[in-house]
$ cat start-v9.cif   # mmCIF, C-alpha atoms and all ligand atoms
data_run
loop_
_atom_site.label_atom_id
_atom_site.label_comp_id
_atom_site.auth_asym_id
_atom_site.auth_seq_id
_atom_site.Cartn_x
_atom_site.Cartn_y
_atom_site.Cartn_z
CA MET A 1082 -34.03 -12.92 -21.98
CA THR A 1083 -31.95 -11.89 -24.91
CA VAL A 1084 -28.57 -11.11 -23.42
CA GLY A 1085 -27.80 -10.41 -19.81
CA PHE A 1086 -24.58 -9.60 -18.03
CA SER A 1087 -23.46 -10.42 -14.51
CA LEU A 1088 -20.46 -8.49 -13.26
CA LEU A 1089 -18.53 -10.72 -10.86
CA SER A 1090 -15.42 -8.72 -10.04
CA THR A 1091 -13.73 -5.41 -10.91
CA THR A 1092 -10.11 -4.47 -10.21
CA ALA A 1093 -9.11 -1.10 -8.75
CA HIS A 1094 -8.23 0.08 -12.25
CA GLY A 1095 -11.47 -1.21 -13.79
CA ALA A 1096 -10.64 -4.62 -15.36
CA ARG A 1097 -13.78 -6.76 -15.20
CA ALA A 1098 -14.66 -10.45 -14.98
CA GLY A 1099 -18.26 -11.40 -15.60
CA ILE A 1100 -20.70 -13.69 -17.34
CA LEU A 1101 -22.43 -12.90 -20.61
CA HIS A 1102 -25.79 -14.72 -20.56
CA THR A 1103 -26.98 -15.64 -24.05
CA ARG A 1104 -29.70 -17.92 -25.37
CA LYS A 1105 -26.86 -20.29 -26.33
CA GLY A 1106 -25.51 -20.46 -22.79
CA ASP A 1107 -23.37 -18.52 -20.36
CA ILE A 1108 -20.06 -17.14 -21.60
CA PRO A 1109 -17.29 -16.17 -19.17
CA THR A 1110 -15.84 -12.70 -19.84
CA PRO A 1111 -13.51 -11.21 -20.90
CA VAL A 1112 -14.07 -13.16 -24.11
CA PHE A 1113 -12.44 -13.32 -27.55
CA MET A 1114 -14.69 -14.13 -30.52
CA PRO A 1115 -12.95 -15.92 -33.43
CA VAL A 1116 -14.06 -14.60 -36.82
CA ALA A 1117 -16.05 -16.80 -39.21
CA THR A 1118 -16.42 -14.16 -41.94
CA ARG A 1119 -18.61 -16.09 -44.38
CA ALA A 1120 -20.14 -18.44 -41.78
CA GLY A 1121 -16.93 -20.44 -42.01
CA PHE A 1122 -13.49 -20.15 -40.45
CA ARG A 1123 -10.40 -19.58 -42.54
CA HIS A 1124 -7.94 -22.48 -42.44
CA ILE A 1125 -9.66 -24.42 -39.63
CA SER A 1126 -12.73 -26.64 -39.44
CA LEU A 1127 -15.72 -26.19 -37.19
CA ALA A 1128 -14.44 -29.08 -35.04
CA ASP A 1129 -11.06 -27.30 -34.76
CA ALA A 1130 -12.86 -24.11 -33.64
CA ARG A 1131 -14.83 -26.08 -31.03
CA SER A 1132 -11.60 -27.65 -29.76
CA THR A 1133 -10.21 -24.18 -28.93
CA GLY A 1134 -12.97 -23.71 -26.34
CA ALA A 1135 -14.55 -20.76 -28.19
CA LYS A 1136 -18.14 -20.26 -27.06
CA ILE A 1137 -19.05 -17.29 -29.25
CA ILE A 1138 -17.98 -16.42 -32.79
CA LEU A 1139 -18.40 -13.42 -35.09
CA SER A 1140 -19.73 -13.49 -38.63
CA ASN A 1141 -19.93 -10.62 -41.12
CA THR A 1142 -23.32 -9.43 -42.38
CA TYR A 1143 -21.76 -7.79 -45.46
CA HIS A 1144 -20.63 -11.18 -46.75
CA LEU A 1145 -23.63 -13.20 -45.59
CA LEU A 1146 -25.96 -10.72 -47.30
CA ASP A 1147 -24.27 -11.59 -50.59
CA ALA A 1148 -23.86 -15.32 -50.08
CA PRO A 1149 -25.75 -17.36 -49.15
CA GLY A 1150 -28.25 -14.48 -48.66
CA PRO A 1151 -30.95 -13.97 -46.02
CA GLN A 1152 -33.46 -16.34 -47.67
CA VAL A 1153 -31.14 -19.31 -47.21
CA PHE A 1154 -30.71 -18.52 -43.52
CA GLU A 1155 -34.50 -18.19 -43.14
CA SER A 1156 -35.02 -21.60 -44.72
CA PHE A 1157 -32.46 -23.24 -42.43
CA GLY A 1158 -33.88 -21.52 -39.36
CA GLY A 1159 -30.75 -19.46 -38.77
CA ILE A 1160 -26.96 -19.55 -38.86
CA HIS A 1161 -26.60 -22.10 -36.03
CA GLN A 1162 -28.47 -24.76 -37.96
CA PHE A 1163 -26.90 -23.67 -41.25
CA MET A 1164 -23.29 -24.13 -40.12
CA GLY A 1165 -23.79 -26.61 -37.29
CA TRP A 1166 -22.49 -24.29 -34.58
CA ALA A 1167 -24.13 -24.79 -31.17
CA GLY A 1168 -22.47 -21.80 -29.50
CA ALA A 1169 -23.44 -18.13 -29.67
CA VAL A 1170 -22.98 -15.94 -32.75
CA LEU A 1171 -22.52 -12.18 -33.01
CA THR A 1172 -23.04 -10.51 -36.37
CA ASP A 1173 -21.67 -7.09 -37.24
CA SER A 1174 -23.95 -4.67 -39.08
CA GLY A 1175 -22.06 -4.62 -42.38
CA GLY A 1176 -20.93 -1.07 -41.71
CA TYR A 1177 -17.22 -1.61 -41.20
CA GLN A 1178 -16.72 -3.52 -44.45
CA ILE A 1179 -18.66 -0.94 -46.45
CA PHE A 1180 -16.56 1.92 -45.16
CA SER A 1181 -13.21 0.13 -45.36
CA LEU A 1182 -13.45 -1.46 -48.78
CA PRO A 1183 -11.99 0.36 -51.73
CA GLY A 1184 -14.38 1.28 -54.50
CA GLU A 1185 -17.39 3.45 -54.92
CA ARG A 1186 -19.81 3.92 -52.07
CA SER A 1187 -21.92 6.76 -50.84
CA ILE A 1188 -23.55 7.56 -47.54
CA SER A 1189 -26.82 9.40 -47.21
CA GLN A 1190 -29.13 9.85 -44.25
CA ARG A 1191 -31.10 6.94 -45.65
CA GLY A 1192 -28.25 4.45 -45.69
CA ALA A 1193 -25.10 3.29 -47.48
CA HIS A 1194 -24.95 2.52 -51.22
CA PHE A 1195 -22.13 0.17 -52.18
CA ARG A 1196 -21.20 -2.93 -54.16
CA LEU A 1197 -21.38 -6.42 -52.65
CA PRO A 1198 -18.45 -8.83 -53.19
CA SER A 1199 -20.32 -10.25 -56.21
CA GLY A 1200 -20.44 -6.76 -57.76
CA ARG A 1201 -24.18 -6.24 -57.17
CA ARG A 1202 -25.14 -2.72 -56.10
CA HIS A 1203 -26.89 -2.59 -52.75
CA LEU A 1204 -28.45 -0.07 -50.38
CA LEU A 1205 -27.98 -1.03 -46.74
CA THR A 1206 -30.13 0.93 -44.31
CA PRO A 1207 -30.26 0.59 -40.51
CA GLU A 1208 -33.58 -1.20 -41.00
CA SER A 1209 -32.34 -3.61 -43.70
CA SER A 1210 -29.21 -4.40 -41.65
CA ILE A 1211 -31.44 -5.43 -38.73
CA GLU A 1212 -33.74 -7.44 -41.03
CA THR A 1213 -30.72 -9.23 -42.50
CA GLN A 1214 -29.28 -10.00 -39.05
CA GLN A 1215 -32.72 -11.23 -37.95
CA ALA A 1216 -32.80 -13.60 -40.92
CA ILE A 1217 -29.25 -14.77 -40.14
CA GLY A 1218 -30.50 -15.43 -36.62
CA SER A 1219 -27.41 -14.31 -34.69
CA ASP A 1220 -27.69 -14.04 -30.91
CA ILE A 1221 -26.19 -10.54 -30.80
CA MET A 1222 -26.79 -8.01 -33.59
CA MET A 1223 -24.97 -4.71 -34.09
CA ALA A 1224 -26.58 -1.42 -35.08
CA LEU A 1225 -25.40 0.02 -38.42
CA ASP A 1226 -22.88 2.81 -37.83
CA VAL A 1227 -20.65 5.10 -39.86
CA CYS A 1228 -16.97 4.38 -39.34
CA VAL A 1229 -14.37 6.93 -40.45
CA ASP A 1230 -10.57 6.81 -40.29
CA SER A 1231 -9.11 7.84 -36.96
CA THR A 1232 -7.20 10.51 -38.86
CA SER A 1233 -10.43 12.23 -39.97
CA ASP A 1234 -10.83 15.83 -38.82
CA GLU A 1235 -13.35 16.82 -36.18
CA ALA A 1236 -16.01 18.07 -38.61
CA ARG A 1237 -16.04 14.87 -40.65
CA THR A 1238 -15.97 12.71 -37.50
CA ARG A 1239 -18.85 14.72 -36.02
CA GLU A 1240 -20.94 14.27 -39.14
CA ALA A 1241 -20.36 10.48 -39.12
CA MET A 1242 -21.18 10.37 -35.41
CA ALA A 1243 -24.46 12.25 -35.87
CA THR A 1244 -25.52 9.80 -38.61
CA THR A 1245 -24.50 6.90 -36.34
CA HIS A 1246 -26.77 8.26 -33.58
CA ALA A 1247 -29.76 8.66 -35.91
CA TRP A 1248 -29.18 5.15 -37.29
CA ALA A 1249 -28.94 3.76 -33.72
CA GLU A 1250 -32.50 4.93 -33.00
CA ARG A 1251 -33.75 3.56 -36.32
CA SER A 1252 -32.05 0.20 -35.62
CA LEU A 1253 -33.84 -0.08 -32.27
CA SER A 1254 -37.20 0.77 -33.88
CA ALA A 1255 -36.66 -1.88 -36.59
CA HIS A 1256 -35.69 -4.43 -33.94
CA ALA A 1257 -38.80 -3.61 -31.86
CA LEU A 1258 -41.07 -4.05 -34.89
CA ARG A 1259 -40.30 -7.75 -35.17
CA PRO A 1260 -38.49 -8.94 -32.03
CA ARG A 1261 -36.99 -12.41 -32.37
CA GLY A 1262 -35.27 -12.82 -29.04
CA GLN A 1263 -31.95 -11.43 -30.30
CA ALA A 1264 -29.88 -8.85 -28.46
CA LEU A 1265 -28.89 -5.55 -30.09
CA PHE A 1266 -25.73 -3.57 -29.25
CA GLY A 1267 -25.20 0.13 -29.96
CA ILE A 1268 -21.85 1.55 -31.08
CA VAL A 1269 -20.06 4.58 -29.67
CA GLN A 1270 -18.15 6.55 -32.33
CA GLY A 1271 -16.25 9.85 -32.20
CA GLY A 1272 -12.79 8.98 -33.55
CA VAL A 1273 -9.91 10.23 -31.45
CA HIS A 1274 -11.73 13.41 -30.37
CA PRO A 1275 -12.45 13.19 -26.61
CA ALA A 1276 -15.40 15.64 -26.69
CA LEU A 1277 -17.03 13.65 -29.50
CA ARG A 1278 -16.48 10.35 -27.69
CA GLU A 1279 -18.18 11.83 -24.61
CA GLU A 1280 -21.06 13.11 -26.68
CA SER A 1281 -21.43 9.79 -28.48
CA ALA A 1282 -21.29 7.71 -25.27
CA ALA A 1283 -24.01 9.93 -23.74
CA ALA A 1284 -26.27 9.63 -26.81
CA ILE A 1285 -25.84 5.87 -27.31
CA THR A 1286 -26.12 4.86 -23.64
CA ALA A 1287 -29.36 6.86 -23.37
CA LEU A 1288 -30.88 4.27 -25.73
CA PRO A 1289 -32.14 0.86 -24.55
CA PHE A 1290 -29.41 -1.31 -26.08
CA ASP A 1291 -28.47 -4.68 -24.55
CA GLY A 1292 -24.76 -3.87 -24.70
CA PHE A 1293 -22.37 -1.26 -26.00
CA ALA A 1294 -19.49 -1.38 -28.45
CA ILE A 1295 -16.60 1.00 -28.96
CA GLY A 1296 -16.22 1.41 -32.71
CA GLY A 1297 -13.92 3.44 -34.90
CA LEU A 1298 -10.67 2.30 -33.28
CA ALA A 1299 -7.91 0.16 -34.82
CA VAL A 1300 -8.38 2.26 -37.97
CA GLY A 1301 -5.17 4.28 -38.07
CA GLU A 1302 -4.74 5.83 -34.62
CA SER A 1303 -1.66 5.42 -32.40
CA ARG A 1304 -1.56 2.92 -29.56
CA ASN A 1305 -1.74 5.76 -27.01
CA GLU A 1306 -4.80 7.26 -28.72
CA ARG A 1307 -6.51 3.87 -28.84
CA GLU A 1308 -5.84 3.19 -25.17
CA SER A 1309 -6.93 6.64 -23.98
CA MET A 1310 -10.13 6.57 -26.11
CA THR A 1311 -10.92 3.09 -24.77
CA ALA A 1312 -10.49 4.25 -21.17
CA LEU A 1313 -12.54 7.38 -21.81
CA CYS A 1314 -15.41 5.33 -23.29
CA THR A 1315 -15.47 2.54 -20.70
CA ALA A 1316 -15.66 5.16 -17.93
CA LEU A 1317 -18.87 6.44 -19.53
CA LEU A 1318 -20.50 3.06 -20.23
CA PRO A 1319 -22.92 1.51 -17.72
CA GLN A 1320 -21.41 -1.08 -15.36
CA ASP A 1321 -24.25 -3.57 -15.82
CA LYS A 1322 -24.00 -4.02 -19.61
CA PRO A 1323 -21.36 -5.83 -21.68
CA ARG A 1324 -18.70 -3.76 -23.49
CA TYR A 1325 -17.23 -4.77 -26.82
CA LEU A 1326 -14.12 -3.23 -28.42
CA MET A 1327 -14.54 -3.96 -32.13
CA GLY A 1328 -11.68 -5.32 -34.23
CA VAL A 1329 -8.92 -5.27 -31.59
CA GLY A 1330 -6.29 -6.71 -31.71
CA THR A 1331 -2.84 -8.10 -30.82
CA PRO A 1332 -2.49 -10.09 -27.57
CA LEU A 1333 -1.03 -7.00 -25.86
CA ASP A 1334 -3.88 -4.83 -27.22
CA LEU A 1335 -6.35 -7.28 -25.64
CA VAL A 1336 -4.57 -7.14 -22.28
CA GLU A 1337 -4.48 -3.32 -22.33
CA ALA A 1338 -8.18 -3.11 -23.21
CA VAL A 1339 -9.19 -5.59 -20.51
CA HIS A 1340 -7.17 -3.45 -18.09
CA ARG A 1341 -9.40 -0.54 -19.16
CA GLY A 1342 -12.68 -2.37 -18.60
CA VAL A 1343 -13.55 -4.06 -21.92
CA ASP A 1344 -15.38 -7.43 -21.89
CA MET A 1345 -15.57 -8.61 -25.53
CA PHE A 1346 -13.24 -8.72 -28.55
CA ASP A 1347 -12.96 -10.00 -32.11
CA CYS A 1348 -10.04 -9.96 -34.54
CA ILE A 1349 -8.79 -11.74 -37.66
CA LEU A 1350 -5.20 -11.51 -36.49
CA PRO A 1351 -4.84 -15.09 -35.14
CA THR A 1352 -5.53 -16.55 -38.60
CA LYS A 1353 -3.66 -13.78 -40.45
CA MET A 1354 -0.59 -14.48 -38.32
CA ALA A 1355 -0.92 -18.21 -39.05
CA GLN A 1356 -0.94 -17.50 -42.80
CA GLN A 1357 2.49 -15.90 -42.37
CA GLY A 1358 3.81 -18.88 -40.41
CA TRP A 1359 3.69 -17.08 -37.07
CA ALA A 1360 2.45 -18.48 -33.77
CA TYR A 1361 1.44 -16.62 -30.64
CA THR A 1362 3.15 -17.75 -27.47
CA PHE A 1363 3.28 -16.28 -23.98
CA GLN A 1364 6.97 -15.54 -24.66
CA GLY A 1365 6.28 -13.59 -27.87
CA VAL A 1366 5.79 -14.53 -31.52
CA LEU A 1367 7.36 -17.74 -32.81
CA GLU A 1368 8.36 -17.86 -36.49
CA ALA A 1369 7.63 -21.46 -37.41
CA MET A 1370 9.22 -21.10 -40.87
CA ARG A 1371 12.69 -20.31 -39.54
CA PRO A 1372 15.16 -22.99 -40.78
CA ALA A 1373 16.20 -23.89 -37.22
CA MET A 1374 12.65 -25.04 -36.50
CA GLN A 1375 12.97 -28.11 -38.73
CA TYR A 1376 14.71 -29.98 -35.94
CA ALA A 1377 12.28 -28.92 -33.18
CA THR A 1378 10.91 -32.11 -31.66
CA GLY A 1379 8.77 -30.37 -29.03
CA PRO A 1380 5.43 -28.60 -29.48
CA LEU A 1381 4.92 -25.04 -30.76
CA GLU A 1382 4.48 -23.89 -27.17
CA PRO A 1383 5.39 -26.15 -24.25
CA GLY A 1384 2.42 -26.63 -21.94
CA CYS A 1385 -0.17 -25.60 -24.56
CA THR A 1386 -3.21 -27.89 -24.54
CA CYS A 1387 -4.35 -27.14 -28.12
CA LEU A 1388 -4.81 -29.96 -30.61
CA ALA A 1389 -1.72 -28.86 -32.58
CA CYS A 1390 0.62 -28.80 -29.59
CA GLN A 1391 -0.82 -32.07 -28.28
CA SER A 1392 -0.36 -33.98 -31.51
CA GLN A 1393 2.36 -32.45 -33.74
CA PRO A 1394 5.99 -31.54 -33.14
CA LEU A 1395 6.97 -28.06 -34.28
CA GLY A 1396 9.42 -29.61 -36.77
CA TYR A 1397 6.55 -31.32 -38.58
CA ILE A 1398 4.45 -28.12 -38.71
CA HIS A 1399 7.54 -26.36 -40.09
CA HIS A 1400 7.77 -29.05 -42.79
CA LEU A 1401 4.08 -28.69 -43.74
CA LEU A 1402 4.52 -24.93 -44.07
CA ARG A 1403 7.70 -25.30 -46.15
CA VAL A 1404 6.05 -27.65 -48.65
CA GLY A 1405 2.90 -25.51 -48.81
CA ALA A 1406 0.58 -28.11 -47.29
CA VAL A 1407 -2.61 -26.43 -46.03
CA GLN A 1408 -2.43 -28.37 -42.77
CA GLY A 1409 0.58 -26.29 -41.71
CA VAL A 1410 -1.46 -23.09 -41.61
CA ARG A 1411 -4.35 -25.01 -40.05
CA TRP A 1412 -2.23 -26.08 -37.07
CA LEU A 1413 -0.94 -22.54 -36.53
CA ALA A 1414 -4.41 -20.98 -36.85
CA LEU A 1415 -5.84 -23.50 -34.41
CA HIS A 1416 -3.02 -22.84 -31.94
CA ASN A 1417 -3.36 -19.04 -32.28
CA ILE A 1418 -7.12 -19.07 -31.68
CA HIS A 1419 -6.67 -21.44 -28.76
CA HIS A 1420 -3.99 -19.09 -27.42
CA THR A 1421 -6.43 -16.15 -27.38
CA GLN A 1422 -8.95 -18.28 -25.48
CA VAL A 1423 -6.30 -19.27 -22.91
CA LEU A 1424 -5.16 -15.65 -22.63
CA MET A 1425 -8.74 -14.54 -21.85
CA ALA A 1426 -9.12 -17.30 -19.25
CA ARG A 1427 -5.84 -16.28 -17.58
CA LEU A 1428 -6.93 -12.63 -17.46
CA ARG A 1429 -10.33 -13.58 -16.06
CA ASN A 1430 -8.89 -15.89 -13.41
CA ALA A 1431 -6.44 -13.22 -12.26
CA ILE A 1432 -9.24 -10.63 -11.95
CA LEU A 1433 -11.35 -13.07 -9.91
CA ALA A 1434 -8.41 -14.13 -7.72
CA GLY A 1435 -7.30 -10.57 -6.97
CA SER A 1436 -3.97 -11.10 -8.73
CA TRP A 1437 -4.57 -8.87 -11.76
CA GLU A 1438 -1.74 -6.38 -11.24
CA PRO A 1439 1.17 -8.88 -11.22
CA LEU A 1440 -0.19 -10.69 -14.30
CA TYR A 1441 -0.83 -7.41 -16.12
CA HIS A 1442 2.74 -6.25 -15.54
CA GLU A 1443 4.19 -9.65 -16.43
CA LEU A 1444 2.29 -9.77 -19.74
CA ARG A 1445 3.22 -6.17 -20.58
CA GLU A 1446 6.86 -7.23 -20.21
CA ARG A 1447 6.57 -10.44 -22.18
CA LEU A 1448 4.14 -9.78 -25.01
CA PRO A 1449 5.59 -7.93 -28.00
CA ARG A 1450 4.65 -4.25 -28.29
CA ARG A 1451 4.61 -4.58 -32.05
CA LEU A 1452 3.86 -7.60 -34.17
CA LYS A 1453 5.58 -7.95 -37.49
CA THR A 1454 2.22 -7.96 -39.21
CA PRO A 1455 1.86 -9.03 -42.82
CA LEU A 1456 1.21 -6.44 -45.48
CA LEU A 1457 -2.54 -6.25 -45.63
CA SER A 1458 -4.83 -4.33 -47.90
CA PRO A 1459 -6.56 -1.35 -46.22
CA ALA A 1460 -9.73 -3.40 -45.98
CA GLU A 1461 -7.87 -6.06 -44.03
CA SER A 1462 -6.24 -3.91 -41.39
CA PRO A 1463 -4.75 -6.32 -38.85
CA SER A 1464 -7.14 -5.38 -36.09
CA GLU A 1465 -10.40 -5.55 -38.00
CA PRO A 1466 -12.56 -8.34 -39.36
CA SER A 1467 -11.59 -9.45 -42.82
CA PRO A 1468 -13.99 -8.33 -45.53
ZN ZN A 1501 -0.88 -24.90 -29.02
#

$ encode --input "start-v9.cif" --output "structure tokens"
Amino acid sequence: MTVGFSLLSTTAHGARAGILHTRKGDIPTPVFMPVATRAGFRHISLADARSTGAKIILSNTYHLLDAPGPQVFESFGGIHQFMGWAGAVLTDSGGYQIFSLPGERSISQRGAHFRLPSGRRHLLTPESSIETQQAIGSDIMMALDVCVDSTSDEARTREAMATTHAWAERSLSAHALRPRGQALFGIVQGGVHPALREESAAAITALPFDGFAIGGLAVGESRNERESMTALCTALLPQDKPRYLMGVGTPLDLVEAVHRGVDMFDCILPTKMAQQGWAYTFQGVLEAMRPAMQYATGPLEPGCTCLACQSQPLGYIHHLLRVGAVQGVRWLALHNIHHTQVLMARLRNAILAGSWEPLYHELRERLPRRLKTPLLSPAESPSEPSP
């Protein structure tokens, strides 16, 4: 078995609780995957990541292709042995970074030409993306897709979608040539055009993928567009396969997407927020740098069981941030990632217990509709993996 999915419970509106079966163990869903871009987490250690309860993480093929490179992963026997991570790993295809990074790149039917972070020119094809992800040895691979801005017109979005569909078939063929027990997910594109989303969902779900992702969101569309496209896609995806909304998002975004039937998420926001001195709480965002915090003798969030809240008063974390000590950001990043894990567990438990609606409405009231997000470069949009 590569990846299986057991659906345990669905609410009247379509929120789902299930189990994602991987070769690294069973993972309760909905699930949030912390991002280890270069096979390492930003600001926190591997032990910190383990302490948050995360069972599956995401790493970026675009970066791993450049350093350490596929040969190193082959010699170590895969990313788990390389970084000492016993849980599951999902790798993206490299597509998102290529299309979001500034600089020259070109797309042909064959693949994408672009520059790697080191400046080397590279051609990534659907086949070479699969070969690279096979060498990395992730448990779940993603098919290479073409991502365009949500603001792109219908013609441009259609063209990108058609290439995505052709590449999906080529990715499956490459995977079948040399199967290594990994799962492969297909990606539905189509921007914010409902007819294109329907066409894309029909084309991608006709292919024998192990799971399905909704791509091309969190790239410039409004919240309403994102939520309606998510609902439109999940209604067209099979019930018995996992669904992954790529690069989303804020705690409220996660709640809204779970409400619409999504099972899996990734986002760099927990660590990005920490870099700004901001902590997620169930009451909203706490600004740990505010002068009043220096006298706070309690934890960041009362009742939180993360390592930071269990061991450090907020006043001390405030001090570390003020003097620029790296541990300050570490404690916030650890807390924020832990918070997303706890949020997912709360959502799951409510779905299983039949108490989804009251929790959904409570969280919609409490969680901020907008986060004061830091100014990021276009390639580091708050809801997408960092390049
Ligand atoms: Zn905490």

$ atom_distance --input "start-v9.cif" --atom1 "CA of Leu1333 in chain A" --atom2 "atom ZN of ligand ZN 1501 (chain A)"
18.2 Å

$ closest_residue --input "start-v9.cif" --among "A:Thr1206, A:Asn1417, A:Ser1303, A:Gln1178" --to "Glu1382 in chain A" --atoms "only C-alpha atoms"
A:Asn1417

$ closest_atom_pairs --input "start-v9.cif" --of "chain A" --to "ligand ZN 1501 (chain A)" --cutoff "9 Å" --atoms "only C-alpha atoms and all ligand atoms" --output "Markdown table"
| residue | atom | partner | partner_atom | distance |
| --- | --- | --- | --- | --- |
| A:Ala1360 | CA | A:ZN1501 | ZN | 8.7 |
| A:Tyr1361 | CA | A:ZN1501 | ZN | 8.8 |
| A:Thr1362 | CA | A:ZN1501 | ZN | 8.4 |
| A:Pro1380 | CA | A:ZN1501 | ZN | 7.3 |
| A:Leu1381 | CA | A:ZN1501 | ZN | 6.1 |
| A:Glu1382 | CA | A:ZN1501 | ZN | 5.8 |
| A:Pro1383 | CA | A:ZN1501 | ZN | 8.0 |
| A:Gly1384 | CA | A:ZN1501 | ZN | 8.0 |
| A:Cys1385 | CA | A:ZN1501 | ZN | 4.6 |
| A:Thr1386 | CA | A:ZN1501 | ZN | 5.9 |
| A:Cys1387 | CA | A:ZN1501 | ZN | 4.2 |
| A:Leu1388 | CA | A:ZN1501 | ZN | 6.6 |
| A:Ala1389 | CA | A:ZN1501 | ZN | 5.4 |
| A:Cys1390 | CA | A:ZN1501 | ZN | 4.2 |
| A:Gln1391 | CA | A:ZN1501 | ZN | 7.2 |
| A:Trp1412 | CA | A:ZN1501 | ZN | 8.2 |
| A:Leu1413 | CA | A:ZN1501 | ZN | 7.9 |
| A:Leu1415 | CA | A:ZN1501 | ZN | 7.5 |
| A:His1416 | CA | A:ZN1501 | ZN | 4.2 |
| A:Asn1417 | CA | A:ZN1501 | ZN | 7.1 |
| A:Ile1418 | CA | A:ZN1501 | ZN | 8.9 |
| A:His1419 | CA | A:ZN1501 | ZN | 6.8 |
| A:His1420 | CA | A:ZN1501 | ZN | 6.8 |

$ residues_around --input "start-v9.cif" --residues "range 1396-1400 of chain A" --least-positions-apart "2" --cutoff "7 Å" --atoms "all atoms listed in the file" --output "VMD selection string"
chain A and resid 1369 to 1370 1374 to 1378 1393 to 1394 1402 to 1404 1409

$ closest_residue --input "start-v9.cif" --among "A:Ser1187, A:Cys1348, A:Leu1265, A:Asp1334" --to "Arg1304 in chain A" --atoms "all atoms listed in the file"
A:Asp1334

$ atom_distance --input "start-v9.cif" --atom1 "CA of His1246 in chain A" --atom2 "CA of Ile1285 in chain A"
6.8 Å

$ atom_distance --input "start-v9.cif" --atom1 "CA of Phe1154 in chain A" --atom2 "CA of Ala1117 in chain A"
15.4 Å

$ closest_residue --input "start-v9.cif" --among "A:Lys1353, A:Lys1136, A:His1161, A:His1256" --to "Phe1113 in chain A" --atoms "all atoms listed in the file"
A:Lys1136

$ residues_around --input "start-v9.cif" --residues "Leu1197 in chain A" --least-positions-apart "6" --cutoff "9 Å" --atoms "all atoms listed in the file" --output "PyMOL selection string"
chain A and resi 1143-1144+1146-1147+1179+1203

$ write_last_selection --input "start-v9.cif" --atoms "C-alpha atoms" --output "PDB file, in the frame of the given file"
ATOM      1  CA  TYR A1143     -21.760  -7.790 -45.460  1.00  0.00           C
ATOM      2  CA  HIS A1144     -20.630 -11.180 -46.750  1.00  0.00           C
ATOM      3  CA  LEU A1146     -25.960 -10.720 -47.300  1.00  0.00           C
ATOM      4  CA  ASP A1147     -24.270 -11.590 -50.590  1.00  0.00           C
ATOM      5  CA  ILE A1179     -18.660  -0.940 -46.450  1.00  0.00           C
ATOM      6  CA  HIS A1203     -26.890  -2.590 -52.750  1.00  0.00           C
TER       7      HIS A1203
END

$ closest_atom_pairs --input "start-v9.cif" --of "range 1204-1308 of chain A" --to "range 1082-1101 of chain A" --cutoff "10 Å" --atoms "all atoms listed in the file" --output "Markdown table"
| residue | atom | partner | partner_atom | distance |
| --- | --- | --- | --- | --- |
| A:Asp1220 | CA | A:Thr1083 | CA | 7.7 |
| A:Ile1221 | CA | A:Val1084 | CA | 7.8 |
| A:Arg1261 | CA | A:Thr1083 | CA | 9.0 |
| A:Gly1262 | CA | A:Thr1083 | CA | 5.4 |
| A:Gln1263 | CA | A:Thr1083 | CA | 5.4 |
| A:Ala1264 | CA | A:Thr1083 | CA | 5.1 |
| A:Leu1265 | CA | A:Val1084 | CA | 8.7 |
| A:Phe1266 | CA | A:Val1084 | CA | 9.9 |
| A:Asp1291 | CA | A:Val1084 | CA | 6.5 |
| A:Gly1292 | CA | A:Val1084 | CA | 8.3 |

$ closest_residue --input "start-v9.cif" --among "A:Pro1207, A:Pro1289, A:Gly1218, A:Gly1342" --to "Ala1255 in chain A" --atoms "only C-alpha atoms"
A:Pro1207

$ residues_around --input "start-v9.cif" --residues "range 1235-1239 of chain A" --least-positions-apart "2" --cutoff "10 Å" --atoms "only C-alpha atoms" --output "list in words"
Val1227, Cys1228, Val1229, Asp1230, Ser1231, Thr1232, Ser1233, Ala1241, Met1242, Ala1243, Thr1244, Thr1245, Gln1270, Gly1271, Gly1272, Val1273, His1274, Ala1276, Leu1277, Arg1278, Glu1280, Ser1281 and Gly1297 of chain A

$ write_last_selection --input "start-v9.cif" --atoms "C-alpha atoms" --output "mmCIF file, in the frame of the given file"
data_model
loop_
_atom_site.group_PDB
_atom_site.id
_atom_site.type_symbol
_atom_site.label_atom_id
_atom_site.label_comp_id
_atom_site.auth_asym_id
_atom_site.auth_seq_id
_atom_site.Cartn_x
_atom_site.Cartn_y
_atom_site.Cartn_z
ATOM 1 C CA VAL A 1227 -20.650 5.100 -39.860
ATOM 2 C CA CYS A 1228 -16.970 4.380 -39.340
ATOM 3 C CA VAL A 1229 -14.370 6.930 -40.450
ATOM 4 C CA ASP A 1230 -10.570 6.810 -40.290
ATOM 5 C CA SER A 1231 -9.110 7.840 -36.960
ATOM 6 C CA THR A 1232 -7.200 10.510 -38.860
ATOM 7 C CA SER A 1233 -10.430 12.230 -39.970
ATOM 8 C CA ALA A 1241 -20.360 10.480 -39.120
ATOM 9 C CA MET A 1242 -21.180 10.370 -35.410
ATOM 10 C CA ALA A 1243 -24.460 12.250 -35.870
ATOM 11 C CA THR A 1244 -25.520 9.800 -38.610
ATOM 12 C CA THR A 1245 -24.500 6.900 -36.340
ATOM 13 C CA GLN A 1270 -18.150 6.550 -32.330
ATOM 14 C CA GLY A 1271 -16.250 9.850 -32.200
ATOM 15 C CA GLY A 1272 -12.790 8.980 -33.550
ATOM 16 C CA VAL A 1273 -9.910 10.230 -31.450
ATOM 17 C CA HIS A 1274 -11.730 13.410 -30.370
ATOM 18 C CA ALA A 1276 -15.400 15.640 -26.690
ATOM 19 C CA LEU A 1277 -17.030 13.650 -29.500
ATOM 20 C CA ARG A 1278 -16.480 10.350 -27.690
ATOM 21 C CA GLU A 1280 -21.060 13.110 -26.680
ATOM 22 C CA SER A 1281 -21.430 9.790 -28.480
ATOM 23 C CA GLY A 1297 -13.920 3.440 -34.900
#
